[in-house]
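Source file coords01.csv; content: CSV, C-alpha atoms.
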chain,number,residue,atom,x,y,z
A,1,MET,CA,103.7,41.1,144.0
A,2,ARG,CA,104.5,44.7,143.3
A,3,ILE,CA,108.2,45.3,142.7
A,4,SER,CA,109.6,48.3,144.7
A,5,ARG,CA,111.2,51.2,142.7
A,6,ILE,CA,114.1,53.0,144.4
A,7,TYR,CA,115.9,56.2,143.5
A,8,ILE,CA,119.6,56.1,143.9
A,9,ASP,CA,122.1,58.9,143.2
A,10,LEU,CA,124.7,56.6,141.7
A,11,PRO,CA,125.7,55.3,138.3
A,12,LEU,CA,123.8,52.1,137.3
A,13,GLN,CA,125.8,49.4,135.5
A,14,ALA,CA,125.0,45.8,134.9
A,15,GLY,CA,127.0,43.6,137.3
A,16,SER,CA,127.6,46.2,139.9
A,17,GLU,CA,126.8,45.9,143.6
A,18,LEU,CA,125.3,48.9,145.5
A,19,SER,CA,124.2,49.9,148.9
A,20,LEU,CA,120.7,51.5,149.0
A,21,PRO,CA,120.1,54.9,150.7
A,22,ALA,CA,119.2,54.7,154.4
A,23,ASP,CA,115.6,55.7,153.9
A,24,ALA,CA,115.0,53.2,151.1
A,25,ALA,CA,116.9,50.5,153.1
A,26,HIS,CA,114.8,51.1,156.2
A,27,HIS,CA,111.6,50.9,154.1
A,28,LEU,CA,112.6,47.7,152.4
A,29,ALA,CA,114.1,45.9,155.3
A,30,VAL,CA,112.0,47.0,158.2
A,31,VAL,CA,108.6,47.9,156.7
A,32,LEU,CA,108.4,45.5,153.8
A,33,ARG,CA,110.7,42.9,155.3
A,34,VAL,CA,112.3,41.9,152.0
A,35,LYS,CA,114.2,38.7,151.6
A,36,THR,CA,117.3,37.7,149.8
A,37,GLY,CA,116.6,37.2,146.1
A,38,GLN,CA,113.7,39.7,145.9
A,39,PRO,CA,113.8,42.0,142.8
A,40,VAL,CA,113.9,45.8,142.9
A,41,ILE,CA,114.0,48.4,140.2
A,42,LEU,CA,116.5,51.3,140.5
A,43,PHE,CA,116.6,54.6,138.7
A,44,ASN,CA,119.0,57.5,138.9
A,45,ASN,CA,117.5,60.6,137.2
A,46,THR,CA,119.2,59.9,133.8
A,47,GLY,CA,116.4,58.0,132.2
A,48,VAL,CA,118.1,54.7,133.1
A,49,GLU,CA,116.2,51.9,134.8
A,50,ALA,CA,117.9,48.9,136.4
A,51,GLN,CA,116.7,45.5,137.2
A,52,ALA,CA,118.4,44.5,140.5
A,53,VAL,CA,118.2,41.7,143.1
A,54,ILE,CA,118.6,42.1,146.9
A,55,PHE,CA,121.4,39.9,148.3
A,56,GLN,CA,121.9,41.6,151.7
A,57,PRO,CA,118.6,42.6,153.4
A,58,ASP,CA,119.9,43.7,156.7
A,59,LYS,CA,118.1,46.4,158.8
A,60,LYS,CA,121.2,48.6,158.8
A,61,GLN,CA,122.2,48.1,155.2
A,62,VAL,CA,120.5,46.7,152.1
A,63,ARG,CA,122.7,45.8,149.2
A,64,VAL,CA,121.7,44.9,145.7
A,65,ARG,CA,123.2,43.4,142.6
A,66,VAL,CA,122.3,45.1,139.3
A,67,ASP,CA,121.5,42.5,136.6
A,68,ALA,CA,120.4,44.7,133.7
A,69,VAL,CA,120.0,48.3,132.7
A,70,SER,CA,117.9,49.9,130.0
A,71,LEU,CA,116.9,53.4,128.9
A,72,VAL,CA,113.2,54.0,129.8
A,73,GLU,CA,111.7,57.4,128.8
A,74,ARG,CA,108.3,58.2,130.5
A,75,GLU,CA,108.5,62.0,130.4
A,76,SER,CA,105.8,64.0,128.8
A,77,PRO,CA,106.5,65.7,125.5
A,78,LEU,CA,105.2,68.9,127.1
A,79,ASN,CA,107.6,70.5,129.5
A,80,ILE,CA,105.5,72.1,132.3
A,81,HIS,CA,107.1,74.5,134.7
A,82,LEU,CA,104.8,74.9,137.7
A,83,ALA,CA,105.4,78.1,139.6
A,84,VAL,CA,103.1,77.9,142.7
A,85,GLY,CA,102.7,80.1,145.8
A,86,ILE,CA,103.9,78.4,148.9
A,87,SER,CA,101.0,77.3,151.0
A,88,ARG,CA,100.6,76.2,154.6
A,89,GLY,CA,100.7,72.8,156.2
A,90,GLU,CA,100.5,69.7,154.1
A,91,ARG,CA,99.0,71.5,151.1
A,92,MET,CA,102.3,72.3,149.5
A,93,ASP,CA,103.5,68.7,150.1
A,94,PHE,CA,100.4,67.5,148.4
A,95,VAL,CA,100.8,69.8,145.4
A,96,LEU,CA,104.5,68.7,144.9
A,97,GLN,CA,103.6,65.0,145.2
A,98,LYS,CA,100.7,65.0,142.8
A,99,SER,CA,102.1,67.4,140.2
A,100,THR,CA,105.2,65.1,140.0
A,101,GLU,CA,102.9,62.2,139.4
A,102,LEU,CA,101.1,64.2,136.7
A,103,GLY,CA,104.4,64.8,134.9
A,104,VAL,CA,105.7,68.4,135.5
A,105,SER,CA,109.2,69.1,134.5
A,106,ALA,CA,110.1,71.8,137.0
A,107,ILE,CA,108.6,73.3,140.1
A,108,THR,CA,109.3,76.8,141.6
A,109,PRO,CA,107.8,77.6,145.0
A,110,LEU,CA,106.9,81.2,145.0
A,111,PHE,CA,106.9,83.9,147.7
A,112,CYS,CA,103.8,85.9,146.9
A,113,GLU,CA,102.1,88.9,148.5
A,114,ARG,CA,99.6,86.6,150.2
A,115,THR,CA,102.1,83.9,151.2
A,116,GLU,CA,101.7,83.3,154.9
A,117,VAL,CA,104.6,80.9,155.3
A,118,LYS,CA,107.7,82.5,156.7
A,119,LEU,CA,111.0,80.6,156.1
A,120,SER,CA,114.3,81.4,157.6
A,121,ASP,CA,117.5,80.2,155.9
A,122,GLU,CA,117.6,77.1,158.2
A,123,ARG,CA,113.9,76.3,157.8
A,124,LEU,CA,114.1,76.8,154.0
A,125,GLN,CA,116.9,74.3,153.8
A,126,LYS,CA,114.9,71.8,155.7
A,127,LYS,CA,111.9,72.4,153.6
A,128,MET,CA,113.9,71.9,150.4
A,129,GLU,CA,115.1,68.6,151.7
A,130,GLN,CA,111.6,67.6,152.7
A,131,TRP,CA,110.2,68.6,149.3
A,132,LYS,CA,112.9,66.7,147.4
A,133,LYS,CA,112.0,63.5,149.4
A,134,ILE,CA,108.4,64.0,148.4
A,135,ILE,CA,109.3,64.4,144.8
A,136,ILE,CA,111.5,61.3,144.9
A,137,GLY,CA,108.8,59.3,146.5
A,138,ALA,CA,106.3,60.4,143.8
A,139,CYS,CA,108.7,59.4,141.1
A,140,GLU,CA,109.3,56.0,142.7
A,141,GLN,CA,105.5,55.4,142.9
A,142,SER,CA,104.6,56.8,139.4
A,143,GLY,CA,107.3,55.1,137.4
A,144,ARG,CA,109.2,58.2,136.3
A,145,THR,CA,112.9,57.8,135.7
A,146,ARG,CA,113.7,61.5,135.9
A,147,LEU,CA,113.0,63.9,138.8
A,148,PRO,CA,111.4,67.2,138.0
A,149,LEU,CA,113.7,70.1,138.8
A,150,LEU,CA,113.0,71.7,142.2
A,151,ASN,CA,114.0,75.3,142.1
A,152,THR,CA,114.9,77.4,145.1
A,153,PRO,CA,111.9,79.4,146.3
A,154,ALA,CA,111.8,82.7,144.4
A,155,THR,CA,109.8,85.9,144.1
A,156,LEU,CA,107.4,86.3,141.2
A,157,GLU,CA,109.7,88.8,139.5
A,158,SER,CA,112.8,86.5,139.6
A,159,CYS,CA,110.8,83.5,138.5
A,160,LEU,CA,109.4,85.3,135.5
A,161,ALA,CA,112.8,86.7,134.6
A,162,ALA,CA,114.4,83.2,134.6
A,163,ASP,CA,111.6,81.3,132.8
A,164,THR,CA,112.2,80.4,129.2
A,165,SER,CA,108.9,78.6,128.4
A,166,GLU,CA,107.3,79.0,125.0
A,167,GLN,CA,103.9,79.8,126.5
A,168,ARG,CA,103.0,81.3,129.8
A,169,PHE,CA,99.8,81.1,131.7
A,170,VAL,CA,98.6,82.7,135.0
A,171,LEU,CA,95.5,81.0,136.5
A,172,HIS,CA,92.9,83.7,137.0
A,173,HIS,CA,89.3,82.6,137.8
A,174,ARG,CA,87.9,86.0,136.7
A,175,SER,CA,89.2,85.5,133.2
A,176,ASP,CA,87.1,84.0,130.3
A,177,SER,CA,90.1,82.7,128.4
A,178,THR,CA,90.4,78.9,128.1
A,179,LEU,CA,92.8,76.4,126.6
A,180,ALA,CA,90.2,75.3,124.1
A,181,GLN,CA,90.5,78.8,122.4
A,182,ARG,CA,94.2,78.2,121.7
A,183,GLU,CA,95.2,76.4,118.5
A,184,GLU,CA,99.0,76.5,118.8
A,185,LYS,CA,100.9,73.5,120.4
A,186,PRO,CA,103.8,74.7,122.5
A,187,GLY,CA,106.6,72.4,123.6
A,188,SER,CA,106.9,74.1,127.0
A,189,VAL,CA,104.6,76.1,129.3
A,190,LEU,CA,104.8,78.1,132.5
A,191,LEU,CA,101.8,77.6,134.8
A,192,LEU,CA,101.6,80.3,137.4
A,193,ILE,CA,99.3,79.8,140.4
A,194,GLY,CA,99.0,81.7,143.7
A,195,PRO,CA,98.9,80.6,147.3
A,196,GLU,CA,95.8,80.6,149.6
A,197,GLY,CA,93.9,83.7,148.7
A,198,GLY,CA,95.3,83.7,145.2
A,199,LEU,CA,97.6,86.2,143.5
A,200,SER,CA,97.0,89.9,144.1
A,201,ASP,CA,95.7,92.1,141.3
A,202,ASN,CA,99.2,93.7,141.1
A,203,GLU,CA,100.8,90.2,140.7
A,204,ILE,CA,98.3,89.2,138.0
A,205,GLN,CA,99.1,92.4,136.2
A,206,GLN,CA,102.8,91.9,136.6
A,207,ALA,CA,102.5,88.3,135.2
A,208,GLN,CA,100.4,89.5,132.2
A,209,GLU,CA,102.9,92.3,131.4
A,210,ALA,CA,105.6,89.5,131.4
A,211,GLY,CA,103.7,87.6,128.8
A,212,CYS,CA,101.4,85.3,130.9
A,213,ALA,CA,98.0,84.8,129.3
A,214,ALA,CA,95.2,84.8,131.9
A,215,LEU,CA,93.6,81.3,132.0
A,216,THR,CA,90.4,80.0,133.6
A,217,LEU,CA,89.4,76.4,134.3
A,218,GLY,CA,85.7,77.1,134.6
A,219,PRO,CA,83.2,79.0,136.7
A,220,ARG,CA,84.2,77.5,140.1
A,221,VAL,CA,86.9,78.8,142.4
A,222,LEU,CA,89.4,76.0,143.1
A,223,ARG,CA,91.5,75.7,146.3
A,224,THR,CA,95.3,76.3,146.0
A,225,GLU,CA,96.0,72.5,146.2
A,226,THR,CA,93.3,71.7,143.6
A,227,ALA,CA,94.0,74.3,141.0
A,228,PRO,CA,97.5,73.1,140.0
A,229,LEU,CA,96.5,69.5,139.6
A,230,ALA,CA,93.4,70.4,137.5
A,231,ALA,CA,95.4,72.7,135.3
A,232,ILE,CA,98.3,70.3,134.8
A,233,SER,CA,95.8,67.6,133.8
A,234,VAL,CA,94.2,69.8,131.2
A,235,LEU,CA,97.6,70.8,129.8
A,236,GLN,CA,98.7,67.2,129.6
A,237,TYR,CA,95.4,66.2,127.9
A,238,ARG,CA,95.6,69.2,125.4
A,239,TRP,CA,99.3,69.1,124.5
A,240,GLY,CA,101.0,66.4,126.5
A,241,ASP,CA,100.6,62.6,126.8
A,242,PHE,CA,97.2,62.2,128.5
A,243,CYS,CA,94.9,60.1,126.3
Could you show the structure in this file as structure tokens?
Amino acid sequence: MRISRIYIDLPLQAGSELSLPADAAHHLAVVLRVKTGQPVILFNNTGVEAQAVIFQPDKKQVRVRVDAVSLVERESPLNIHLAVGISRGERMDFVLQKSTELGVSAITPLFCERTEVKLSDERLQKKMEQWKKIIIGACEQSGRTRLPLLNTPATLESCLAADTSEQRFVLHHRSDSTLAQREEKPGSVLLLIGPEGGLSDNEIQQAQEAGCAALTLGPRVLRTETAPLAAISVLQYRWGDFC
């Protein structure tokens, strides 16, 4: 039986008793119908993983007892900052989920010239909450003990100004530059990818003037939800922890 992993924003100490967050409690008690004595694994974004046991599996509240804690590090040695244009519908959700599973360290949603999604302050707040839940779920599923940083959506200019990565890349299918041509091994990279329709010529020029090397993944044009995942996988294989 697969043991459920749950993110909880609380200190984890052996011998402590904790109430699980409402969403996690509902999933365990109502969907999975857990019983008293079943094990769960908890993590809290510090690299700590806790072995716990359910002792109160009520539908309104699930309480657990922490039996043991340990430091578990599953983060990639390559820090990848994904800056990606906000896309419509479930595409952005998919990118956030899968890029988290693939091991990115930080994500910045971008407002680009071709971004078609309009977000008021209220909608933006709701989107941020939704995106964080997706990231948490991806960490629970993939075994990560640290959440990638989700930055507030930004313009390309502000993102480039704030980024401190050793290497910067902008995905550009008309380029002929590939990762195989690069011999250096950076510890951190910025991966810049546009929304549907891609980045404009002006944005690509702006990125290159800010130190982003143009990067291609091959002769085919990838969709906005495919390109980040392919690029992250290549980066992890080249410089990260993909075998």
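The interatomic distance for the pair CA of Gly137 (chain A) and CA of Ile193 (chain A) works out to 23.4 Å.
Our summary of the geometry notes that CA of Ser4 (chain A) is positioned 19.9 Å from CA of Gly103 (chain A).
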Counting all atoms listed in the file, which residues of region 150-184 of chain A fall within 9 Å of region 81-86 of chain A, and what is the closest atom pair for each with its distance in Å at one decimal, ordered by chain and rising number, as JSON lines?
{"residue": "A:Pro153", "atom": "CA", "partner": "A:Ile86", "partner_atom": "CA", "distance": 8.5}
{"residue": "A:Leu156", "atom": "CA", "partner": "A:Ala83", "partner_atom": "CA", "distance": 8.6}
{"residue": "A:Cys159", "atom": "CA", "partner": "A:Ala83", "partner_atom": "CA", "distance": 7.7}
{"residue": "A:Asp163", "atom": "CA", "partner": "A:His81", "partner_atom": "CA", "distance": 8.4}
{"residue": "A:Ser165", "atom": "CA", "partner": "A:His81", "partner_atom": "CA", "distance": 7.7}
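Of the listed residues A:Thr152, A:Val34, A:Lys118, A:Glu101, the one whose atoms come nearest to Ala138 (chain A) is A:Glu101, with distances taken using all atoms listed in the file.
Here CA of Met92 (chain A) and CA of Glu225 (chain A) stand 7.1 Å from one another.
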Closest of A:Arg33, A:Lys127, A:Arg2, A:Lys185 to Glu166 (chain A) - atom-to-atom distances counting all atoms listed in the file: A:Lys185
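Distances from A:Thr145, A:Gln130, A:Ser16, A:Thr108 to Leu160 (chain A) were compared using all atoms listed in the file, and the smallest one belongs to A:Thr108.
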A:Arg168, A:Arg220, A:Arg174, A:Lys98 ranked by distance to Ser142 (chain A), top pick (using only C-alpha atoms): A:Lys98
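Each of A:Cys112, A:Val66, A:Ala50, A:Val104 was checked against Ser87 (chain A) using only C-alpha atoms; the smallest atom-to-atom distance is that of A:Cys112.
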Residue nearest Glu116 (chain A) among A:Gly194, A:Gln236, A:Glu209, A:Ala22 (counting all atoms listed in the file): A:Gly194
